[in-house]
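Enquirer: The following block contains the structure, expressed as structure tokens.
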Amino acid sequence: MWWRLLAVAFGLFVVFKITLITYRRRRYPEPHEDWSVVDLDDVSFPKGFRWGTATAAHQVEGNLVNNWTVHEAAKGLEPSGEACDHWRRWKDDFQLVSDLGLDSYRFSVAWSRLEPKENEWNDEAMDVYSAMVDDLLARGIRPVVTLHHFSHPDWWEAKGGFTDEANLPAFVSFCERVFAVLSDRVSVWVTINEPTVFSTMGYTLGMFPPGRRSIPMTLRVMRNLLRAHAKVYRQLKKLNPDVQIGVAKNVTLFDPKNRWSPIDWPFARLMEWFWNGAWRSGIQTGRMFFKDIPEAKGTLDFVGLNYYTHVLVGPASVSLLKMKFPKRRQEVSTEFGYPMYAEGLRRAIEFLAPLNVPIEITENGVADAEDALRTEHLRRHLWVLSNAVKDGHDVRSYHHWSLMDNFEWAEGYTMRFGLHRVDFETQERTLRPSGEVYRRIVNEH
Ligand code: IFM
């Protein structure tokens, strides 16, 4: 008798799981194109669509002293050092942007350069950023300024950085200072680059400064980043309501490693919520990780999308913690290890759409020293983007990461994301064939 009951219970369990998985597969599809039949030339973009490229201060400027340089030394990482020597070569680099025919350039300002010691301001450095803005505008290039892109002064880090809400006013006043000088000419601002990457890499995985591994601290930093964004947004809008202010959100998609597994599904959904959903609902509802942050509600004029990949997860594969990236059979691994999954760009756009603000693609690119994959990567992503725009998604720009090879954080100079190859011995920049392809596409559209 008992075995009959057991068989019935098992049967019911199997039916239940199959129903659940079927439902989830429908609700969270993971599309894959047959790229061999896609016409990648079939792209079009509306008039006014902006084409750009992006960099960040610590990755290109060189000779900075900040939380990152301290971390590089403490962990024995490759030092950022001179980087691309962009602080001296920026005019020539902007010529490269012009030569590509671009009309938008996203860069960040280095807080550690502008306020090397607490309350001691370097006005000469501010003049240089101001001259950069003038130069870009004279070239017909829209400057997009990021206020925090992973790096900040070491004196601020020593006080706890984003772990302590009491530190936020110092960040806000730095932002106000930059804004006071540049906002008459800069109309698009990114407060914080990739808040989830910053907090997870620095406080869960310990690969970014300050190299901690603590989930409670990660959550605290995530909330404080949202608070910081909200405070900066509200303060800057008071000073000049005409500018557009947003965040550059890294939308990494999480899919179950085994799509048949009833365990991998909830794991993927949990990761997705942690990485993407909590942030989006923080902006929508003013609540993040069970805490009220009412000032965050509605603080976006646009949302920046940094899209790179999807990550296949399940509890059995602690792939994320080991930074190992499984891929689907039909996918290609990029040099960074994660798969090329251009179809995910559409999903990332759809994820951000409920925020009801225009989307700017603030980053998309691939590490590819030999330039073997970049052209295909670029063309596939632009094809997906073109379809999303044709279908009515309000995406206004595309910024390729990056203008040139640069300091790729914990990976040092090993990961080459540039449209231009940089010889770090001579600082010579050479346009890669994929850069030429980008130039052609930009000029055709
Ligand atoms: O280089 C980084 C950038 O600083 C932030 N987004 C991802 C890029 C490539 O890893």
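Each chain in the structure tokens gets a letter, A, B and so on, in the order shown; residues start at 1 in every chain, and ligands are counted from 1 in the order they appear.
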Could you list the protein, DNA and RNA residues that have any atom within 7 Å of ligand 1, counting only C-alpha atoms and all ligand atoms, and write them as a PDB file with C-alpha atoms, in the first residue's frame?
Expert:
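Listed below is the output, pocket17.pdb:
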ATOM      1  CA  ALA A  56      36.807  56.109 -17.185  1.00  0.00           C
ATOM      2  CA  HIS A 149      33.350  55.259 -11.831  1.00  0.00           C
ATOM      3  CA  GLU A 194      27.535  50.088 -12.125  1.00  0.00           C
ATOM      4  CA  ASN A 306      25.985  48.709 -19.581  1.00  0.00           C
ATOM      5  CA  GLU A 363      28.696  50.627 -22.391  1.00  0.00           C
ATOM      6  CA  TRP A 401      33.434  50.268 -24.454  1.00  0.00           C
ATOM      7  CA  GLU A 408      40.889  46.725 -16.735  1.00  0.00           C
ATOM      8  CA  TRP A 409      40.732  46.842 -12.922  1.00  0.00           C
TER       9      TRP A 409
END
Enquirer: Please identify all polymer residues within 7 Å of segment 73-90 of chain A, counting only C-alpha atoms, omitting same-chain residues fewer than 5 positions from it, and present them as number ranges by chain.
Expert: A: 59-63, 406-407, 410, 412, 427
Enquirer: What gap, in Å, lies between atom CA of Trp275 of chain A and atom CA of Lys297 of chain A?
Expert: 18.3 Å
Enquirer: Can you tell me, as a PyMOL selection string, which residues in segment 55-258 of chain A count as helix (DSSP H, G or I) by DSSP?
Expert: chain A and resi 57-60+67-75+86-99+111-114+123-138+154-158+161-163+165-182+195-203+215-239
Enquirer: Using only C-alpha atoms, please write the residues we just selected to a file, as an mmCIF file, in the first residue's frame.
Expert:
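Writing the result to again-v6.cif gives the following:
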data_model
loop_
_atom_site.group_PDB
_atom_site.id
_atom_site.type_symbol
_atom_site.label_atom_id
_atom_site.label_comp_id
_atom_site.auth_asym_id
_atom_site.auth_seq_id
_atom_site.Cartn_x
_atom_site.Cartn_y
_atom_site.Cartn_z
ATOM 1 C CA ALA A 57 39.392 58.267 -15.426
ATOM 2 C CA HIS A 58 41.272 55.608 -13.502
ATOM 3 C CA GLN A 59 41.441 53.364 -16.537
ATOM 4 C CA VAL A 60 42.982 55.893 -18.906
ATOM 5 C CA ASN A 67 41.456 53.684 -3.381
ATOM 6 C CA TRP A 68 42.438 51.662 -6.432
ATOM 7 C CA THR A 69 46.163 52.371 -6.365
ATOM 8 C CA VAL A 70 46.177 51.416 -2.680
ATOM 9 C CA HIS A 71 44.331 48.186 -3.516
ATOM 10 C CA GLU A 72 46.628 47.394 -6.452
ATOM 11 C CA ALA A 73 49.662 47.656 -4.158
ATOM 12 C CA ALA A 74 48.061 45.788 -1.256
ATOM 13 C CA LYS A 75 46.935 42.863 -3.409
ATOM 14 C CA HIS A 86 45.402 60.281 -21.293
ATOM 15 C CA TRP A 87 45.803 63.143 -18.820
ATOM 16 C CA ARG A 88 48.505 64.484 -21.124
ATOM 17 C CA ARG A 89 47.267 63.061 -24.420
ATOM 18 C CA TRP A 90 43.552 63.815 -24.168
ATOM 19 C CA LYS A 91 43.513 66.160 -27.161
ATOM 20 C CA ASP A 92 44.983 63.506 -29.417
ATOM 21 C CA ASP A 93 42.549 60.974 -27.997
ATOM 22 C CA PHE A 94 39.616 63.248 -28.719
ATOM 23 C CA GLN A 95 40.903 63.461 -32.268
ATOM 24 C CA LEU A 96 40.485 59.656 -32.381
ATOM 25 C CA VAL A 97 36.875 60.089 -31.265
ATOM 26 C CA SER A 98 36.360 62.640 -34.025
ATOM 27 C CA ASP A 99 38.017 60.394 -36.591
ATOM 28 C CA TRP A 111 37.576 62.829 -7.494
ATOM 29 C CA SER A 112 41.037 61.983 -6.109
ATOM 30 C CA ARG A 113 42.596 64.397 -8.598
ATOM 31 C CA LEU A 114 40.161 67.184 -7.801
ATOM 32 C CA ASP A 123 41.531 73.968 -9.431
ATOM 33 C CA GLU A 124 44.077 73.354 -12.160
ATOM 34 C CA ALA A 125 42.775 69.838 -12.624
ATOM 35 C CA MET A 126 39.253 71.233 -12.804
ATOM 36 C CA ASP A 127 40.447 73.585 -15.548
ATOM 37 C CA VAL A 128 41.690 70.602 -17.515
ATOM 38 C CA TYR A 129 38.295 68.856 -17.323
ATOM 39 C CA SER A 130 36.698 72.129 -18.339
ATOM 40 C CA ALA A 131 39.044 72.387 -21.332
ATOM 41 C CA MET A 132 38.176 68.791 -22.254
ATOM 42 C CA VAL A 133 34.503 69.682 -22.336
ATOM 43 C CA ASP A 134 35.166 72.735 -24.524
ATOM 44 C CA ASP A 135 37.266 70.675 -26.880
ATOM 45 C CA LEU A 136 34.599 67.993 -27.236
ATOM 46 C CA LEU A 137 31.896 70.567 -27.862
ATOM 47 C CA ALA A 138 34.037 72.304 -30.469
ATOM 48 C CA ASP A 154 41.939 57.177 -0.462
ATOM 49 C CA TRP A 155 41.227 59.602 2.420
ATOM 50 C CA TRP A 156 37.516 58.996 1.800
ATOM 51 C CA GLU A 157 38.006 55.239 1.571
ATOM 52 C CA ALA A 158 39.849 55.377 4.924
ATOM 53 C CA GLY A 161 33.645 55.195 1.721
ATOM 54 C CA PHE A 162 30.178 54.025 0.784
ATOM 55 C CA THR A 163 29.864 51.716 3.795
ATOM 56 C CA GLU A 165 25.992 56.939 5.217
ATOM 57 C CA ALA A 166 27.722 59.721 7.137
ATOM 58 C CA ASN A 167 30.303 59.901 4.322
ATOM 59 C CA LEU A 168 27.793 60.743 1.626
ATOM 60 C CA PRO A 169 27.794 64.550 2.087
ATOM 61 C CA ALA A 170 31.479 64.669 1.063
ATOM 62 C CA PHE A 171 30.611 62.823 -2.143
ATOM 63 C CA VAL A 172 27.675 65.128 -2.798
ATOM 64 C CA SER A 173 29.798 68.237 -2.324
ATOM 65 C CA PHE A 174 32.427 66.891 -4.738
ATOM 66 C CA CYS A 175 29.644 66.354 -7.289
ATOM 67 C CA GLU A 176 28.278 69.849 -6.708
ATOM 68 C CA ARG A 177 31.700 71.323 -7.263
ATOM 69 C CA VAL A 178 32.184 69.573 -10.594
ATOM 70 C CA PHE A 179 28.640 70.409 -11.581
ATOM 71 C CA ALA A 180 29.110 74.096 -10.756
ATOM 72 C CA VAL A 181 31.952 74.295 -13.266
ATOM 73 C CA LEU A 182 30.703 72.038 -16.057
ATOM 74 C CA PRO A 195 26.484 50.235 -8.470
ATOM 75 C CA THR A 196 25.998 46.463 -8.223
ATOM 76 C CA VAL A 197 29.389 45.674 -9.746
ATOM 77 C CA PHE A 198 31.096 48.148 -7.421
ATOM 78 C CA SER A 199 29.464 46.727 -4.297
ATOM 79 C CA THR A 200 29.678 43.043 -5.205
ATOM 80 C CA MET A 201 33.241 43.125 -6.482
ATOM 81 C CA GLY A 202 34.446 45.202 -3.541
ATOM 82 C CA TYR A 203 32.435 43.715 -0.692
ATOM 83 C CA ILE A 215 27.162 40.105 2.408
ATOM 84 C CA PRO A 216 25.748 42.516 5.040
ATOM 85 C CA MET A 217 28.358 45.068 4.046
ATOM 86 C CA THR A 218 27.528 44.543 0.364
ATOM 87 C CA LEU A 219 23.874 45.284 1.050
ATOM 88 C CA ARG A 220 24.788 48.344 3.072
ATOM 89 C CA VAL A 221 26.974 49.670 0.256
ATOM 90 C CA MET A 222 24.245 48.981 -2.304
ATOM 91 C CA ARG A 223 21.765 50.979 -0.274
ATOM 92 C CA ASN A 224 24.224 53.794 0.293
ATOM 93 C CA LEU A 225 24.962 53.953 -3.420
ATOM 94 C CA LEU A 226 21.268 54.377 -4.057
ATOM 95 C CA ARG A 227 21.094 57.054 -1.368
ATOM 96 C CA ALA A 228 24.164 58.775 -2.824
ATOM 97 C CA HIS A 229 22.654 58.739 -6.297
ATOM 98 C CA ALA A 230 19.372 60.138 -4.982
ATOM 99 C CA LYS A 231 21.046 62.906 -3.006
ATOM 100 C CA VAL A 232 23.249 63.919 -5.931
ATOM 101 C CA TYR A 233 20.300 63.785 -8.321
ATOM 102 C CA ARG A 234 18.144 66.003 -6.130
ATOM 103 C CA GLN A 235 20.915 68.452 -5.333
ATOM 104 C CA LEU A 236 22.114 68.870 -8.918
ATOM 105 C CA LYS A 237 18.597 69.224 -10.267
ATOM 106 C CA LYS A 238 18.099 72.088 -7.817
ATOM 107 C CA LEU A 239 21.177 73.788 -9.236
#
Enquirer: Using atom CA of His420 of chain A and atom CA of Glu335 of chain A as the two end points, give the distance in Å to one decimal.
Expert: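 It comes out at 16.7 Å.
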Enquirer: If you count only C-alpha atoms, which residues fall within 8 Å of Pro315 of chain A, apart from same-chain ones fewer than 5 positions away, as a count of residues only?
Expert: 3
Enquirer: Report as number ranges by chain all protein, DNA and RNA residues lying within 12 Å of Pro354 of chain A, evaluated on only C-alpha atoms, omitting residues in the same chain fewer than 4 positions from it.
Expert: A: 277, 280-281, 283-284, 298, 302-303, 348-350, 358-359, 393-394
Enquirer: Please produce a file of those selected residues containing all heavy atoms, as an mmCIF file, in the first residue's frame.
Expert:
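Okay, selection_2.cif is ready:
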data_model
loop_
_atom_site.group_PDB
_atom_site.id
_atom_site.type_symbol
_atom_site.label_atom_id
_atom_site.label_comp_id
_atom_site.auth_asym_id
_atom_site.auth_seq_id
_atom_site.Cartn_x
_atom_site.Cartn_y
_atom_site.Cartn_z
ATOM 1 N N GLY A 277 16.995 43.446 -10.073
ATOM 2 C CA GLY A 277 15.643 43.779 -9.625
ATOM 3 C C GLY A 277 15.628 44.703 -8.423
ATOM 4 O O GLY A 277 14.840 45.647 -8.364
ATOM 5 N N ARG A 280 16.300 48.218 -9.521
ATOM 6 C CA ARG A 280 15.191 48.833 -10.270
ATOM 7 C C ARG A 280 14.042 49.168 -9.328
ATOM 8 O O ARG A 280 13.467 50.257 -9.402
ATOM 9 C CB ARG A 280 14.717 47.895 -11.383
ATOM 10 C CG ARG A 280 13.668 48.524 -12.279
ATOM 11 C CD ARG A 280 13.190 47.597 -13.370
ATOM 12 N NE ARG A 280 12.448 46.464 -12.840
ATOM 13 C CZ ARG A 280 11.941 45.486 -13.595
ATOM 14 N NH1 ARG A 280 12.117 45.503 -14.908
ATOM 15 N NH2 ARG A 280 11.286 44.489 -13.042
ATOM 16 N N SER A 281 13.722 48.249 -8.420
ATOM 17 C CA SER A 281 12.594 48.565 -7.544
ATOM 18 C C SER A 281 12.979 49.652 -6.544
ATOM 19 O O SER A 281 12.121 50.397 -6.072
ATOM 20 C CB SER A 281 12.019 47.313 -6.877
ATOM 21 O OG SER A 281 12.853 46.901 -5.848
ATOM 22 N N ILE A 283 14.567 52.324 -7.320
ATOM 23 C CA ILE A 283 14.249 53.571 -8.038
ATOM 24 C C ILE A 283 12.729 53.728 -8.181
ATOM 25 O O ILE A 283 12.186 54.824 -8.079
ATOM 26 C CB ILE A 283 14.903 53.563 -9.441
ATOM 27 C CG1 ILE A 283 16.434 53.575 -9.338
ATOM 28 C CG2 ILE A 283 14.382 54.708 -10.306
ATOM 29 C CD1 ILE A 283 17.057 54.909 -9.008
ATOM 30 N N GLN A 284 12.053 52.597 -8.388
ATOM 31 C CA GLN A 284 10.599 52.688 -8.626
ATOM 32 C C GLN A 284 9.812 52.944 -7.340
ATOM 33 O O GLN A 284 8.818 53.655 -7.357
ATOM 34 C CB GLN A 284 10.093 51.388 -9.249
ATOM 35 C CG GLN A 284 10.488 51.225 -10.709
ATOM 36 C CD GLN A 284 10.070 49.874 -11.245
ATOM 37 O OE1 GLN A 284 10.256 48.853 -10.574
ATOM 38 N NE2 GLN A 284 9.524 49.838 -12.443
ATOM 39 N N GLY A 298 11.973 57.707 -8.256
ATOM 40 C CA GLY A 298 11.829 58.579 -9.431
ATOM 41 C C GLY A 298 13.031 59.442 -9.754
ATOM 42 O O GLY A 298 12.896 60.456 -10.443
ATOM 43 N N PHE A 302 17.135 59.552 -17.277
ATOM 44 C CA PHE A 302 17.406 58.513 -18.276
ATOM 45 C C PHE A 302 18.106 57.394 -17.528
ATOM 46 O O PHE A 302 18.566 57.580 -16.390
ATOM 47 C CB PHE A 302 18.302 59.038 -19.408
ATOM 48 C CG PHE A 302 19.739 59.224 -18.997
ATOM 49 C CD1 PHE A 302 20.680 58.214 -19.185
ATOM 50 C CD2 PHE A 302 20.158 60.405 -18.374
ATOM 51 C CE1 PHE A 302 22.000 58.377 -18.770
ATOM 52 C CE2 PHE A 302 21.468 60.576 -17.957
ATOM 53 C CZ PHE A 302 22.393 59.554 -18.162
ATOM 54 N N VAL A 303 18.171 56.233 -18.139
ATOM 55 C CA VAL A 303 18.949 55.165 -17.509
ATOM 56 C C VAL A 303 20.030 54.717 -18.486
ATOM 57 O O VAL A 303 19.766 54.517 -19.673
ATOM 58 C CB VAL A 303 18.039 54.010 -17.009
ATOM 59 C CG1 VAL A 303 17.211 53.382 -18.118
ATOM 60 C CG2 VAL A 303 18.879 52.939 -16.303
ATOM 61 N N ALA A 348 17.850 43.018 -21.688
ATOM 62 C CA ALA A 348 18.278 44.053 -20.740
ATOM 63 C C ALA A 348 17.487 45.341 -20.971
ATOM 64 O O ALA A 348 17.069 46.023 -20.026
ATOM 65 C CB ALA A 348 19.772 44.303 -20.880
ATOM 66 N N ILE A 349 17.254 45.663 -22.241
ATOM 67 C CA ILE A 349 16.460 46.860 -22.568
ATOM 68 C C ILE A 349 15.036 46.677 -22.026
ATOM 69 O O ILE A 349 14.460 47.582 -21.414
ATOM 70 C CB ILE A 349 16.459 47.096 -24.097
ATOM 71 C CG1 ILE A 349 17.857 47.527 -24.555
ATOM 72 C CG2 ILE A 349 15.403 48.121 -24.510
ATOM 73 C CD1 ILE A 349 18.059 47.562 -26.063
ATOM 74 N N GLU A 350 14.484 45.484 -22.241
ATOM 75 C CA GLU A 350 13.112 45.225 -21.758
ATOM 76 C C GLU A 350 13.053 45.270 -20.238
ATOM 77 O O GLU A 350 12.050 45.695 -19.662
ATOM 78 C CB GLU A 350 12.622 43.871 -22.280
ATOM 79 C CG GLU A 350 12.255 43.966 -23.756
ATOM 80 C CD GLU A 350 11.997 42.628 -24.413
ATOM 81 O OE1 GLU A 350 12.074 41.591 -23.731
ATOM 82 O OE2 GLU A 350 11.727 42.636 -25.636
ATOM 83 N N PRO A 358 14.070 57.411 -21.026
ATOM 84 C CA PRO A 358 14.904 57.005 -22.169
ATOM 85 C C PRO A 358 16.112 56.200 -21.708
ATOM 86 O O PRO A 358 16.606 56.383 -20.593
ATOM 87 C CB PRO A 358 15.343 58.338 -22.773
ATOM 88 C CG PRO A 358 14.406 59.358 -22.249
ATOM 89 C CD PRO A 358 13.898 58.868 -20.936
ATOM 90 N N ILE A 359 16.552 55.324 -22.595
ATOM 91 C CA ILE A 359 17.725 54.485 -22.297
ATOM 92 C C ILE A 359 18.888 54.972 -23.149
ATOM 93 O O ILE A 359 18.722 55.276 -24.332
ATOM 94 C CB ILE A 359 17.419 53.005 -22.616
ATOM 95 C CG1 ILE A 359 16.276 52.504 -21.729
ATOM 96 C CG2 ILE A 359 18.666 52.132 -22.446
ATOM 97 C CD1 ILE A 359 15.767 51.104 -22.078
ATOM 98 N N HIS A 393 11.324 50.687 -28.565
ATOM 99 C CA HIS A 393 12.053 51.004 -27.332
ATOM 100 C C HIS A 393 12.803 52.325 -27.499
ATOM 101 O O HIS A 393 13.432 52.564 -28.528
ATOM 102 C CB HIS A 393 13.025 49.872 -26.972
ATOM 103 C CG HIS A 393 12.319 48.690 -26.398
ATOM 104 N ND1 HIS A 393 11.768 48.704 -25.133
ATOM 105 C CD2 HIS A 393 12.039 47.472 -26.924
ATOM 106 C CE1 HIS A 393 11.185 47.550 -24.899
ATOM 107 N NE2 HIS A 393 11.321 46.771 -25.964
ATOM 108 N N ASP A 394 12.716 53.145 -26.462
ATOM 109 C CA ASP A 394 13.281 54.486 -26.538
ATOM 110 C C ASP A 394 14.766 54.454 -26.143
ATOM 111 O O ASP A 394 15.143 54.847 -25.044
ATOM 112 C CB ASP A 394 12.478 55.410 -25.605
ATOM 113 C CG ASP A 394 12.893 56.857 -25.757
ATOM 114 O OD1 ASP A 394 13.732 57.154 -26.636
ATOM 115 O OD2 ASP A 394 12.397 57.701 -24.978
#
Enquirer: Please determine, counting only C-alpha atoms, which residue among A:Arg50, A:Arg421, A:His399, A:Lys324 has the shortest atom-to-atom distance to Ala367 of chain A.
Expert: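 Once distances to Ala367 of chain A are computed over only C-alpha atoms, the minimum belongs to A:Arg421.
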Enquirer: Could you pull out the strand (DSSP E) residues of segment 94-290 of chain A, going by DSSP on the backbone, and write them as a PyMOL selection string?
Expert: chain A and resi 104-108+142-148+188-193+244-250+253-256+287-288
Enquirer: Write out as a ChimeraX atom specification which residues come within 8 Å of Tyr341 of chain A when counting only C-alpha atoms, dropping same-chain ones fewer than 5 positions away.
Expert: /A:308-310,331
Enquirer: I'd like the neighbourhood of segment 432-435 of chain A as a VMD selection string, where a residue qualifies if any of its atoms comes within 6 Å (using only C-alpha atoms), though same-chain residues fewer than 2 positions away should be ignored.
Expert: chain A and resid 374 to 375 419 to 420 437 to 438
Enquirer: Find the residues near Gly48 of chain A: any atom within 10 Å, counting only C-alpha atoms, skip ones fewer than 6 places away on the same chain, and give them as a CSV table (one decimal) with all heavy atoms, in the first residue's frame.
Expert:
chain,number,residue,atom,x,y,z
A,103,ASP,N,29.5,61.3,-32.1
A,103,ASP,CA,29.0,62.6,-31.6
A,103,ASP,C,28.6,62.5,-30.1
A,103,ASP,O,27.9,63.3,-29.6
A,103,ASP,CB,27.8,63.1,-32.4
A,103,ASP,CG,26.6,62.2,-32.4
A,103,ASP,OD1,26.7,61.1,-31.7
A,103,ASP,OD2,25.6,62.5,-33.0
A,396,ARG,N,18.4,55.9,-27.0
A,396,ARG,CA,18.9,57.1,-27.7
A,396,ARG,C,20.3,57.1,-28.2
A,396,ARG,O,20.7,58.0,-28.9
A,396,ARG,CB,18.6,58.3,-26.8
A,396,ARG,CG,17.2,58.4,-26.2
A,396,ARG,CD,16.5,59.6,-26.6
A,396,ARG,NE,15.1,59.6,-26.3
A,396,ARG,CZ,14.5,60.5,-25.6
A,396,ARG,NH1,15.2,61.6,-25.1
A,396,ARG,NH2,13.3,60.5,-25.3
A,397,SER,N,21.1,56.2,-27.6
A,397,SER,CA,22.5,56.2,-28.0
A,397,SER,C,23.2,54.9,-27.8
A,397,SER,O,22.6,54.0,-27.1
A,397,SER,CB,23.3,57.3,-27.1
A,397,SER,OG,23.3,56.8,-25.8
A,445,HIS,N,25.0,55.5,-40.6
A,445,HIS,CA,23.8,55.7,-39.9
A,445,HIS,C,23.8,57.0,-39.1
A,445,HIS,O,23.6,57.0,-37.9
A,445,HIS,CB,23.5,54.5,-39.0
A,445,HIS,CG,23.4,53.2,-39.7
A,445,HIS,ND1,22.2,52.9,-40.3
A,445,HIS,CD2,24.2,52.3,-40.0
A,445,HIS,CE1,22.4,51.7,-41.0
A,445,HIS,NE2,23.6,51.3,-40.8
Enquirer: Of the candidates A:Phe150, A:Met404, A:Tyr307, A:Val188, which one gets nearest to Asp242 of chain A if we count only C-alpha atoms?
Expert: A:Val188
Enquirer: Tell me which of A:Met288, A:Ile361, A:Leu300, A:Leu253 sits closest to Trp51 of chain A, counting only C-alpha atoms.
Expert: A:Ile361
Enquirer: Looking at A:Arg185, A:Lys249, A:Arg328, A:Arg25, which one is nearest to Phe351 of chain A, with distances taken over only C-alpha atoms?
Expert: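 The answer is A:Lys249, which sits nearest to Phe351 of chain A.
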Enquirer: Grab the atom CA of Gly314 of chain A to atom CA of Arg346 of chain A distance for me, in Å with one decimal place.
Expert: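 Taking atom CA of Gly314 of chain A as the start and atom CA of Arg346 of chain A as the end point, the length is 23.2 Å.
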